[in-house]
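J.: Got a structure for you, protein_32.cif, holding mmCIF, C-alpha atoms.
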data_model
#
loop_
_atom_site.group_PDB
_atom_site.id
_atom_site.type_symbol
_atom_site.label_atom_id
_atom_site.label_comp_id
_atom_site.auth_asym_id
_atom_site.auth_seq_id
_atom_site.Cartn_x
_atom_site.Cartn_y
_atom_site.Cartn_z
ATOM 1 C CA MET A 1480 4.656 -145.499 12.828
ATOM 2 C CA ARG A 1481 1.962 -145.686 15.468
ATOM 3 C CA GLU A 1482 1.761 -147.584 18.715
ATOM 4 C CA GLY A 1483 -1.044 -150.005 19.485
ATOM 5 C CA ARG A 1484 -3.099 -149.607 22.620
ATOM 6 C CA ALA A 1485 -2.001 -152.497 24.848
ATOM 7 C CA LEU A 1486 -3.691 -154.045 27.868
ATOM 8 C CA ALA A 1487 -1.105 -153.908 30.702
ATOM 9 C CA THR A 1488 -0.211 -157.028 32.695
ATOM 10 C CA SER A 1489 1.838 -157.559 35.852
ATOM 11 C CA ALA A 1490 5.616 -157.039 35.587
ATOM 12 C CA ASP A 1491 8.734 -157.093 37.770
ATOM 13 C CA PRO A 1492 9.452 -153.416 38.616
ATOM 14 C CA SER A 1493 13.025 -154.267 39.653
ATOM 15 C CA SER A 1494 13.951 -155.263 36.064
ATOM 16 C CA ASN A 1495 14.391 -152.842 33.195
ATOM 17 C CA LEU A 1496 14.477 -155.547 30.509
ATOM 18 C CA PHE A 1497 11.657 -155.766 27.961
ATOM 19 C CA VAL A 1498 10.690 -157.380 24.647
ATOM 20 C CA THR A 1499 8.571 -155.814 21.904
ATOM 21 C CA PHE A 1500 6.359 -157.610 19.385
ATOM 22 C CA GLN A 1501 5.621 -155.603 16.262
ATOM 23 C CA GLU A 1502 2.817 -156.632 13.915
ATOM 24 C CA GLN A 1503 2.818 -156.177 10.146
ATOM 25 C CA GLY A 1504 0.098 -156.886 7.589
ATOM 26 C CA LEU A 1505 -3.124 -156.480 9.556
ATOM 27 C CA PRO A 1506 -5.599 -153.867 8.251
ATOM 28 C CA GLN A 1507 -6.920 -151.024 10.335
ATOM 29 C CA GLY A 1508 -9.474 -151.972 12.963
ATOM 30 C CA MET A 1509 -8.143 -155.458 13.724
ATOM 31 C CA THR A 1510 -7.227 -156.714 17.189
ATOM 32 C CA TRP A 1511 -4.487 -159.234 17.918
ATOM 33 C CA ALA A 1512 -2.854 -160.663 21.049
ATOM 34 C CA VAL A 1513 0.547 -161.886 22.229
ATOM 35 C CA THR A 1514 1.180 -164.347 25.041
ATOM 36 C CA LEU A 1515 4.665 -164.335 26.570
ATOM 37 C CA GLY A 1516 5.098 -166.986 29.246
ATOM 38 C CA ASN A 1517 2.035 -166.535 31.450
ATOM 39 C CA ARG A 1518 1.356 -162.931 30.439
ATOM 40 C CA THR A 1519 -0.971 -161.823 27.614
ATOM 41 C CA GLN A 1520 -1.402 -158.419 26.022
ATOM 42 C CA LEU A 1521 -3.811 -157.165 23.363
ATOM 43 C CA ALA A 1522 -3.239 -154.542 20.672
ATOM 44 C CA TYR A 1523 -5.564 -152.640 18.371
ATOM 45 C CA VAL A 1524 -4.464 -151.738 14.840
ATOM 46 C CA SER A 1525 -5.345 -148.069 14.499
ATOM 47 C CA ASN A 1526 -3.323 -147.040 11.465
ATOM 48 C CA VAL A 1527 -0.406 -148.821 9.744
ATOM 49 C CA THR A 1528 1.120 -151.174 12.284
ATOM 50 C CA SER A 1529 0.919 -151.917 16.007
ATOM 51 C CA SER A 1530 3.181 -153.223 18.740
ATOM 52 C CA VAL A 1531 3.027 -154.905 22.132
ATOM 53 C CA THR A 1532 5.752 -154.459 24.775
ATOM 54 C CA PHE A 1533 6.357 -156.635 27.839
ATOM 55 C CA ASN A 1534 8.277 -154.735 30.510
ATOM 56 C CA GLY A 1535 9.965 -155.843 33.729
ATOM 57 C CA LEU A 1536 11.342 -159.140 32.422
ATOM 58 C CA ALA A 1537 13.996 -161.158 34.172
ATOM 59 C CA PRO A 1538 16.856 -162.466 31.985
ATOM 60 C CA GLY A 1539 16.007 -165.786 30.344
ATOM 61 C CA SER A 1540 14.257 -167.518 27.446
ATOM 62 C CA TYR A 1541 10.523 -167.098 26.992
ATOM 63 C CA ARG A 1542 7.979 -168.993 24.930
ATOM 64 C CA TRP A 1543 5.595 -166.789 22.950
ATOM 65 C CA ASN A 1544 2.594 -167.164 20.628
ATOM 66 C CA VAL A 1545 0.209 -164.810 18.864
ATOM 67 C CA THR A 1546 -3.411 -164.925 17.732
ATOM 68 C CA PRO A 1547 -3.434 -167.718 15.106
ATOM 69 C CA VAL A 1548 -6.347 -166.371 13.036
ATOM 70 C CA VAL A 1549 -7.707 -162.823 12.727
ATOM 71 C CA TRP A 1550 -11.039 -162.832 10.884
ATOM 72 C CA ALA A 1551 -11.726 -159.994 8.445
ATOM 73 C CA GLY A 1552 -15.070 -161.115 7.033
ATOM 74 C CA GLN A 1553 -16.783 -164.041 5.355
ATOM 75 C CA GLY A 1554 -14.203 -166.009 3.420
ATOM 76 C CA GLU A 1555 -11.336 -163.711 4.429
ATOM 77 C CA ARG A 1556 -8.860 -163.991 7.280
ATOM 78 C CA TYR A 1557 -5.284 -163.189 8.316
ATOM 79 C CA ALA A 1558 -2.776 -165.683 9.657
ATOM 80 C CA PRO A 1559 0.813 -165.197 10.914
ATOM 81 C CA LEU A 1560 3.712 -166.606 8.925
ATOM 82 C CA GLN A 1561 5.202 -167.616 12.291
ATOM 83 C CA GLY A 1562 2.704 -167.848 15.109
ATOM 84 C CA GLN A 1563 4.959 -168.994 17.955
ATOM 85 C CA GLY A 1564 8.569 -169.321 19.050
ATOM 86 C CA ASN A 1565 11.160 -168.551 21.716
ATOM 87 C CA VAL A 1566 12.803 -165.231 22.518
ATOM 88 C CA THR A 1567 15.836 -164.679 24.729
ATOM 89 C CA VAL A 1568 15.978 -161.625 26.967
ATOM 90 C CA SER A 1569 19.413 -160.666 28.315
ATOM 91 C CA GLY A 1570 21.315 -157.381 28.321
ATOM 92 C CA ALA A 1571 19.581 -156.250 25.115
ATOM 93 C CA SER A 1572 15.855 -155.879 24.706
ATOM 94 C CA PRO A 1573 14.820 -157.637 21.457
ATOM 95 C CA THR A 1574 12.041 -156.857 18.985
ATOM 96 C CA VAL A 1575 10.069 -159.712 17.373
ATOM 97 C CA ILE A 1576 8.386 -159.018 14.013
ATOM 98 C CA VAL A 1577 5.071 -160.812 13.530
ATOM 99 C CA LYS A 1578 3.928 -160.726 9.902
ATOM 100 C CA TYR A 1579 0.322 -161.530 9.060
ATOM 101 C CA VAL A 1580 -0.754 -162.448 5.517
ATOM 102 C CA GLY A 1581 -4.226 -162.320 4.020
ATOM 103 C CA GLU A 1582 -5.913 -165.604 3.122
ATOM 104 C CA PHE A 1583 -9.089 -166.250 1.128
ATOM 105 C CA SER A 1584 -11.465 -169.191 0.959
ATOM 106 C CA VAL A 1585 -11.589 -170.515 -2.609
ATOM 107 C CA LYS A 1586 -13.753 -173.396 -3.786
ATOM 108 C CA PHE A 1587 -12.897 -175.513 -6.833
ATOM 109 C CA THR A 1588 -15.824 -177.496 -8.182
ATOM 110 C CA SER A 1589 -17.254 -179.214 -11.272
ATOM 111 C CA SER A 1590 -20.495 -178.630 -13.150
ATOM 112 C CA GLY A 1591 -20.861 -182.423 -13.515
ATOM 113 C CA GLY A 1592 -19.359 -184.771 -16.053
ATOM 114 C CA GLY A 1593 -15.848 -184.662 -14.648
ATOM 115 C CA SER A 1594 -13.585 -183.999 -11.678
ATOM 116 C CA VAL A 1595 -11.241 -181.206 -10.632
ATOM 117 C CA SER A 1596 -8.034 -180.970 -8.627
ATOM 118 C CA PRO A 1597 -7.841 -179.372 -6.135
ATOM 119 C CA SER A 1598 -11.440 -180.073 -5.146
ATOM 120 C CA GLY A 1599 -13.565 -178.353 -2.532
ATOM 121 C CA ALA A 1600 -12.889 -175.260 -0.430
ATOM 122 C CA ALA A 1601 -9.505 -174.364 1.048
ATOM 123 C CA TRP A 1602 -7.564 -171.310 2.213
ATOM 124 C CA TYR A 1603 -5.056 -169.667 -0.114
ATOM 125 C CA GLU A 1604 -2.740 -166.729 0.455
ATOM 126 C CA GLU A 1605 -3.386 -163.457 -1.322
ATOM 127 C CA GLY A 1606 -1.500 -163.434 -4.619
ATOM 128 C CA GLN A 1607 -0.985 -167.201 -4.614
ATOM 129 C CA ALA A 1608 -1.006 -168.935 -8.012
ATOM 130 C CA VAL A 1609 -2.971 -172.192 -7.807
ATOM 131 C CA THR A 1610 -2.668 -174.894 -10.481
ATOM 132 C CA ALA A 1611 -6.081 -176.381 -11.302
ATOM 133 C CA VAL A 1612 -6.663 -179.502 -13.410
ATOM 134 C CA ALA A 1613 -9.955 -180.664 -14.951
ATOM 135 C CA LYS A 1614 -10.524 -184.300 -15.949
ATOM 136 C CA PRO A 1615 -13.663 -185.169 -17.956
ATOM 137 C CA SER A 1616 -15.538 -188.406 -17.325
ATOM 138 C CA SER A 1617 -16.268 -190.939 -20.047
ATOM 139 C CA GLY A 1618 -18.722 -189.471 -22.563
ATOM 140 C CA TYR A 1619 -17.897 -185.873 -21.631
ATOM 141 C CA GLY A 1620 -15.498 -183.231 -22.859
ATOM 142 C CA PHE A 1621 -14.003 -180.231 -21.090
ATOM 143 C CA TYR A 1622 -15.553 -176.892 -22.100
ATOM 144 C CA GLN A 1623 -14.061 -174.102 -19.962
ATOM 145 C CA TRP A 1624 -13.287 -172.715 -16.496
ATOM 146 C CA VAL A 1625 -15.734 -170.192 -15.017
ATOM 147 C CA SER A 1626 -14.820 -167.861 -12.124
ATOM 148 C CA SER A 1627 -17.493 -166.368 -9.876
ATOM 149 C CA THR A 1628 -15.490 -163.173 -9.341
ATOM 150 C CA PRO A 1629 -12.772 -161.117 -11.053
ATOM 151 C CA PHE A 1630 -10.720 -161.569 -7.878
ATOM 152 C CA LEU A 1631 -10.048 -165.154 -9.011
ATOM 153 C CA ALA A 1632 -8.218 -164.694 -12.313
ATOM 154 C CA VAL A 1633 -8.165 -167.805 -14.535
ATOM 155 C CA LEU A 1634 -5.166 -167.340 -16.825
ATOM 156 C CA ASP A 1635 -6.251 -169.884 -19.472
ATOM 157 C CA PRO A 1636 -9.985 -170.671 -19.153
ATOM 158 C CA ASN A 1637 -10.002 -172.999 -22.188
ATOM 159 C CA SER A 1638 -7.263 -175.372 -21.036
ATOM 160 C CA THR A 1639 -7.841 -178.445 -18.855
ATOM 161 C CA GLN A 1640 -4.813 -177.379 -16.776
ATOM 162 C CA THR A 1641 -4.718 -173.723 -15.835
ATOM 163 C CA THR A 1642 -3.486 -171.281 -13.190
ATOM 164 C CA VAL A 1643 -5.772 -169.297 -10.896
ATOM 165 C CA VAL A 1644 -4.359 -166.172 -9.210
ATOM 166 C CA VAL A 1645 -6.074 -165.546 -5.860
ATOM 167 C CA SER A 1646 -6.921 -162.031 -4.693
ATOM 168 C CA GLY A 1647 -10.351 -162.658 -3.155
ATOM 169 C CA THR A 1648 -12.857 -165.278 -2.107
ATOM 170 C CA GLY A 1649 -15.127 -167.124 -4.539
ATOM 171 C CA THR A 1650 -15.664 -170.249 -6.642
ATOM 172 C CA VAL A 1651 -13.947 -171.610 -9.752
ATOM 173 C CA THR A 1652 -15.993 -174.147 -11.731
ATOM 174 C CA ALA A 1653 -14.877 -176.559 -14.436
ATOM 175 C CA VAL A 1654 -17.655 -176.884 -17.029
ATOM 176 C CA PHE A 1655 -18.033 -180.176 -18.932
ATOM 177 C CA ARG A 1656 -20.369 -181.027 -21.826
ATOM 178 C CA PRO A 1657 -21.496 -184.368 -23.273
ATOM 179 C CA SER A 1658 -19.314 -185.546 -26.146
ATOM 180 C CA LEU A 1659 -20.834 -186.656 -29.470
ATOM 181 C CA PRO A 1660 -20.479 -190.385 -30.245
ATOM 182 C CA PHE A 1661 -17.836 -191.053 -32.899
ATOM 183 C CA PRO A 1662 -20.342 -192.036 -35.675
ATOM 184 C CA LEU A 1663 -22.302 -188.817 -35.138
ATOM 185 C CA GLN A 1664 -19.127 -186.786 -35.513
ATOM 186 C CA TRP A 1665 -18.578 -188.341 -38.953
ATOM 187 C CA LEU A 1666 -22.250 -187.806 -39.859
ATOM 188 C CA TYR A 1667 -22.106 -184.101 -39.006
ATOM 189 C CA ALA A 1668 -18.851 -183.752 -40.894
ATOM 190 C CA GLY A 1669 -20.445 -185.413 -43.931
ATOM 191 C CA VAL A 1670 -23.449 -183.096 -43.783
ATOM 192 C CA ALA A 1671 -21.119 -180.089 -43.718
ATOM 193 C CA VAL A 1672 -19.315 -181.387 -46.826
ATOM 194 C CA LEU A 1673 -22.626 -181.958 -48.624
ATOM 195 C CA ILE A 1674 -23.745 -178.433 -47.818
ATOM 196 C CA ALA A 1675 -20.581 -177.043 -49.357
ATOM 197 C CA ILE A 1676 -20.895 -179.240 -52.465
ATOM 198 C CA GLY A 1677 -24.590 -178.455 -52.907
ATOM 199 C CA ALA A 1678 -24.091 -174.721 -52.540
ATOM 200 C CA TYR A 1679 -21.299 -174.708 -55.106
ATOM 201 C CA ALA A 1680 -23.222 -176.898 -57.587
ATOM 202 C CA GLY A 1681 -26.331 -174.780 -57.193
ATOM 203 C CA TYR A 1682 -24.358 -171.618 -57.773
ATOM 204 C CA ARG A 1683 -22.919 -173.005 -61.035
ATOM 205 C CA ALA A 1684 -26.319 -174.237 -62.201
ATOM 206 C CA ALA A 1685 -28.116 -170.958 -61.501
ATOM 207 C CA THR A 1686 -25.463 -168.642 -62.876
ATOM 208 C CA GLY A 1687 -24.486 -170.692 -65.928
ATOM 209 C CA ARG A 1688 -20.862 -170.802 -64.943
ATOM 210 C CA GLY A 1689 -20.505 -174.312 -66.358
ATOM 211 C CA LYS A 1690 -21.880 -173.301 -69.799
ATOM 212 C CA GLU A 1691 -19.590 -170.313 -69.933
ATOM 213 C CA GLU A 1692 -16.607 -172.554 -69.224
ATOM 214 C CA LYS A 1693 -17.592 -174.833 -72.162
ATOM 215 C CA GLY A 1694 -18.144 -171.861 -74.453
ATOM 216 C CA LYS A 1695 -14.624 -170.531 -74.183
ATOM 217 C CA GLY A 1696 -12.971 -169.908 -77.579
ATOM 218 C CA THR A 1697 -16.236 -169.605 -79.518
ATOM 219 C CA GLY A 1698 -15.955 -165.844 -79.717
ATOM 220 C CA LYS A 1699 -19.149 -165.296 -77.792
ATOM 221 C CA ALA A 1700 -19.172 -162.664 -75.069
ATOM 222 C CA ARG A 1701 -19.250 -163.996 -71.521
ATOM 223 C CA LYS A 1702 -21.945 -162.587 -69.293
ATOM 224 C CA ARG A 1703 -21.551 -162.157 -65.563
ATOM 225 C CA PRO A 1704 -24.460 -163.229 -63.379
ATOM 226 C CA LYS A 1705 -26.646 -160.480 -62.113
ATOM 227 C CA PRO A 1706 -26.979 -159.943 -58.324
ATOM 228 C CA LYS A 1707 -30.632 -161.029 -58.409
ATOM 229 C CA ARG A 1708 -29.526 -164.538 -59.427
ATOM 230 C CA ARG A 1709 -27.970 -165.135 -55.981
ATOM 231 C CA THR A 1710 -31.360 -166.138 -54.545
ATOM 232 C CA ARG A 1711 -31.895 -168.633 -57.347
ATOM 233 C CA ALA A 1712 -28.372 -169.958 -56.820
ATOM 234 C CA LEU A 1713 -29.046 -170.567 -53.136
ATOM 235 C CA SER A 1714 -32.348 -172.307 -53.876
ATOM 236 C CA ALA A 1715 -30.717 -174.538 -56.447
ATOM 237 C CA GLY A 1716 -27.898 -175.335 -54.033
ATOM 238 C CA VAL A 1717 -30.369 -176.468 -51.380
ATOM 239 C CA LYS A 1718 -32.128 -178.716 -53.908
ATOM 240 C CA VAL A 1719 -28.860 -180.306 -54.958
ATOM 241 C CA LEU A 1720 -27.900 -180.761 -51.284
ATOM 242 C CA PHE A 1721 -31.061 -182.668 -50.367
ATOM 243 C CA GLY A 1722 -30.808 -184.750 -53.532
ATOM 244 C CA ALA A 1723 -27.272 -185.786 -52.704
ATOM 245 C CA PHE A 1724 -28.210 -186.450 -49.074
ATOM 246 C CA ARG A 1725 -31.080 -188.756 -50.122
ATOM 247 C CA LEU A 1726 -28.739 -190.711 -52.362
ATOM 248 C CA ARG A 1727 -26.284 -191.241 -49.475
ATOM 249 C CA VAL A 1728 -28.962 -192.289 -47.006
#
Could you write out this structure as structure tokens?

T.:
Amino acid sequence: MREGRALATSADPSSNLFVTFQEQGLPQGMTWAVTLGNRTQLAYVSNVTSSVTFNGLAPGSYRWNVTPVVWAGQGERYAPLQGQGNVTVSGASPTVIVKYVGEFSVKFTSSGGGSVSPSGAAWYEEGQAVTAVAKPSSGYGFYQWVSSTPFLAVLDPNSTQTTVVVSGTGTVTAVFRPSLPFPLQWLYAGVAVLIAIGAYAGYRAATGRGKEEKGKGTGKARKRPKPKRRTRALSAGVKVLFGAFRLRV
């Protein structure tokens, strides 16, 4: 374990009491500070962890606080789990552990046609699982969740309610699409049925399947359609389809 380089402040040389603040969680190259009473010291993280020691303290209780936010880059910062408190100095010299955790800026938004919750940008801890809910507006349906980065893992992108695991900064977007009116849904379903019926009827007409069925028991040999008849079967199916569609319209 390494020691941080601290900026010395005034102390009482007649006292041999001290208190140490040890940081955990900050990456190499960061600088943080501790204020104890009216004295402040800085420390530089040079390897794994760093510490700040206040010497020459008189017995008593002291109020302390640390740097509330250490910026690591755009959309990334570190914040202490406990940024302030009281420490008592008596016969023993205590050590206070200050643990910093990484936080990332994540934005939840909508492509239009609905709303999301949570909405907008906020800070989330690294590894935090965030529940996101998409609600389509009238005339729209939910399509999927889209993440701008693999560091925002959407566990179920096709569900209106999903979980996003945060390990970086970025944007998660709920995508909505216009819904078809109810009559159009039935129309498209009917067209699909007609296509199936027409294709089957055309296949029977072009391959003679119906005549073969009627000719069973006559002793005549049944002939299988040749591969080249598939094109004629498709053409006949299309003709039957459009004929049936015209009758229904």

J.: Which residues, named as in the file, does the PyMOL selection byres ((chain A and resi 1583) around 9) pick out? Answer as number ranges by chain.

T.: A: 1554-1557, 1581-1582, 1584-1585, 1601-1605, 1645-1649

J.: Evaluate the PyMOL selection byres ((chain A and resi 1610-1616) around 6) against this structure - the residues, as a list in words, please.

T.: Gly1592, Gly1593, Ser1594, Val1595, Ser1596, Val1609, Ser1617, Tyr1619, Gly1620, Phe1621, Thr1639, Gln1640, Thr1641 and Thr1642 of chain A

J.: Could you state which residues are captured by the PyMOL selection byres ((chain A and resi 1503-1512) around 10) in this file, as a ChimeraX atom specification?

T.: /A:1483-1486,1500-1502,1513-1514,1519-1531,1544-1551,1556-1559,1576-1581

J.: Could you please take those selected residues and save C-alpha atoms as a short mmCIF file (atom, residue, chain, number, x, y, z; two decimals), in the coordinates of the input?

T.:
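Result file is again-v5.cif:
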data_model
loop_
_atom_site.label_atom_id
_atom_site.label_comp_id
_atom_site.auth_asym_id
_atom_site.auth_seq_id
_atom_site.Cartn_x
_atom_site.Cartn_y
_atom_site.Cartn_z
CA GLY A 1483 -1.04 -150.00 19.48
CA ARG A 1484 -3.10 -149.61 22.62
CA ALA A 1485 -2.00 -152.50 24.85
CA LEU A 1486 -3.69 -154.04 27.87
CA PHE A 1500 6.36 -157.61 19.39
CA GLN A 1501 5.62 -155.60 16.26
CA GLU A 1502 2.82 -156.63 13.92
CA VAL A 1513 0.55 -161.89 22.23
CA THR A 1514 1.18 -164.35 25.04
CA THR A 1519 -0.97 -161.82 27.61
CA GLN A 1520 -1.40 -158.42 26.02
CA LEU A 1521 -3.81 -157.16 23.36
CA ALA A 1522 -3.24 -154.54 20.67
CA TYR A 1523 -5.56 -152.64 18.37
CA VAL A 1524 -4.46 -151.74 14.84
CA SER A 1525 -5.34 -148.07 14.50
CA ASN A 1526 -3.32 -147.04 11.46
CA VAL A 1527 -0.41 -148.82 9.74
CA THR A 1528 1.12 -151.17 12.28
CA SER A 1529 0.92 -151.92 16.01
CA SER A 1530 3.18 -153.22 18.74
CA VAL A 1531 3.03 -154.90 22.13
CA ASN A 1544 2.59 -167.16 20.63
CA VAL A 1545 0.21 -164.81 18.86
CA THR A 1546 -3.41 -164.92 17.73
CA PRO A 1547 -3.43 -167.72 15.11
CA VAL A 1548 -6.35 -166.37 13.04
CA VAL A 1549 -7.71 -162.82 12.73
CA TRP A 1550 -11.04 -162.83 10.88
CA ALA A 1551 -11.73 -159.99 8.44
CA ARG A 1556 -8.86 -163.99 7.28
CA TYR A 1557 -5.28 -163.19 8.32
CA ALA A 1558 -2.78 -165.68 9.66
CA PRO A 1559 0.81 -165.20 10.91
CA ILE A 1576 8.39 -159.02 14.01
CA VAL A 1577 5.07 -160.81 13.53
CA LYS A 1578 3.93 -160.73 9.90
CA TYR A 1579 0.32 -161.53 9.06
CA VAL A 1580 -0.75 -162.45 5.52
CA GLY A 1581 -4.23 -162.32 4.02
#

J.: Calculate how many Å separate atom CA of Thr1567 of chain A from atom CA of Arg1518 of chain A, rounding to one decimal.

T.: 15.7 Å

J.: Atom CA of Ser1626 of chain A and atom CA of Phe1655 of chain A, how far apart in Å?

T.: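 Spanning atom CA of Phe1655 of chain A to atom CA of Ser1626 of chain A is a straight-line distance of 14.4 Å.
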
J.: If I put a ball of radius 9 Å at (5.9, -167.9, 21.2) in the file's coordinates, which residues poke into it when counting only C-alpha atoms, written as an NGL selection string?

T.: :A and (1513-1516 or 1541-1545 or 1561-1566)

J.: Pick from A:Ser1590, A:Asn1534, A:Thr1574, A:Gln1553: nearest to Pro1657 of chain A, with only C-alpha atoms counted?

T.: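 Of A:Ser1590, A:Asn1534, A:Thr1574, A:Gln1553, the one nearest Pro1657 of chain A, counting only C-alpha atoms, is A:Ser1590.
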